[in-house]
Amino acid sequence: MSLELGDSDPSESRGSEGAVLAPFPAVPTRVTFNKRELSRILGLYGRKVASGEWRDYAIDFHKDRAVFSVFRRSAEVPLYRIEKNPRLSRRQGAWRVVSATGLIVKVGHELDRVLRELDKASLRVVG
């Protein structure tokens with residue numbers, strides 16, 4: 001099938017001024033972790049696995065947030081959730097750590113500062 005001048009492809013739709021519009025509306029993308037962020041999170045995860053505190057993890061990508069959940073055992077609820085929510089980046093910060101009970105442990109603009117809170121949890125002095 002060839003198109004003549006003035007003909008249009010049936011899969012393209014035209015706006016009121018004749019501009020070609022995309023055949024489908026843009027689908028909202030999912031929030032994900034970039035390579036640097038995932039490297040920092042997995043670095044902490046590796047240290048916690050080596051110390052025997054954590055054993056499993058799950059990663060979920062939603063339209064509004066990305067979640068890295070850590071577990072002591074696979075069949076349990078997550079001990080902590082590390083969440084990235086870009087909508088909150090101008091307010092409290094895009095990063096938050098949430099405990100198993102739903103308590104927000106730490107909120108911040110920088111991932112390293114939020115993860116430091118989880119590192120501190122294992123440095124308690126026992127007397």
# chains A, B, ... in the order shown; residues from 1 in each chain; ligands from 1

$ residues_around --residues "Arg55 in chain A" --least-positions-apart "5" --cutoff "10 Å" --atoms "only C-alpha atoms" --output "VMD selection string"
chain A and resid 45 to 46 48 to 50 70 to 74

$ residues_around --residues "Thr101 in chain A" --least-positions-apart "3" --cutoff "9 Å" --atoms "only C-alpha atoms" --output "PyMOL selection string"
chain A and resi 79+98+104

$ select_by_dssp --residues "range 17-117 of chain A" --states "helix (DSSP H, G or I)" --output "PyMOL selection string"
chain A and resi 35-50+86-88+111-117

$ write_last_selection --atoms "C-alpha atoms" --output "mmCIF file, in the first residue's frame"
data_model
loop_
_atom_site.group_PDB
_atom_site.id
_atom_site.type_symbol
_atom_site.label_atom_id
_atom_site.label_comp_id
_atom_site.auth_asym_id
_atom_site.auth_seq_id
_atom_site.Cartn_x
_atom_site.Cartn_y
_atom_site.Cartn_z
ATOM 1 C CA LYS A 35 22.121 2.001 38.792
ATOM 2 C CA ARG A 36 23.808 4.140 41.466
ATOM 3 C CA GLU A 37 20.825 3.948 43.834
ATOM 4 C CA LEU A 38 20.458 0.202 43.423
ATOM 5 C CA SER A 39 24.194 -0.248 43.975
ATOM 6 C CA ARG A 40 24.004 1.640 47.301
ATOM 7 C CA ILE A 41 20.955 -0.313 48.443
ATOM 8 C CA LEU A 42 22.453 -3.681 47.469
ATOM 9 C CA GLY A 43 25.712 -2.732 49.216
ATOM 10 C CA LEU A 44 23.813 -2.266 52.478
ATOM 11 C CA TYR A 45 21.839 -5.442 51.793
ATOM 12 C CA GLY A 46 25.068 -7.415 51.287
ATOM 13 C CA ARG A 47 26.513 -6.190 54.595
ATOM 14 C CA LYS A 48 23.313 -7.120 56.432
ATOM 15 C CA VAL A 49 23.215 -10.585 54.822
ATOM 16 C CA ALA A 50 26.858 -11.150 55.791
ATOM 17 C CA PRO A 86 9.667 11.395 43.429
ATOM 18 C CA ARG A 87 6.423 13.316 44.107
ATOM 19 C CA LEU A 88 7.639 14.032 47.632
ATOM 20 C CA LEU A 111 19.584 8.105 49.775
ATOM 21 C CA ASP A 112 22.867 7.742 51.679
ATOM 22 C CA ARG A 113 21.531 9.597 54.716
ATOM 23 C CA VAL A 114 18.392 7.483 54.784
ATOM 24 C CA LEU A 115 20.355 4.239 54.463
ATOM 25 C CA ARG A 116 22.707 5.324 57.248
ATOM 26 C CA GLU A 117 19.760 4.965 59.627
#

$ atom_distance --atom1 "CA of Lys120 in chain A" --atom2 "CA of Ala58 in chain A"
22.0 Å

$ atom_distance --atom1 "CA of Arg91 in chain A" --atom2 "CA of Arg30 in chain A"
20.5 Å

$ atom_distance --atom1 "CA of Ala66 in chain A" --atom2 "CA of Trp95 in chain A"
9.8 Å

$ residues_around --residues "His62 in chain A" --least-positions-apart "4" --cutoff "10 Å" --atoms "only C-alpha atoms" --output "list in words"
Thr29, Arg30, Val31, Thr32, Ala66, Val67 and Asn85 of chain A
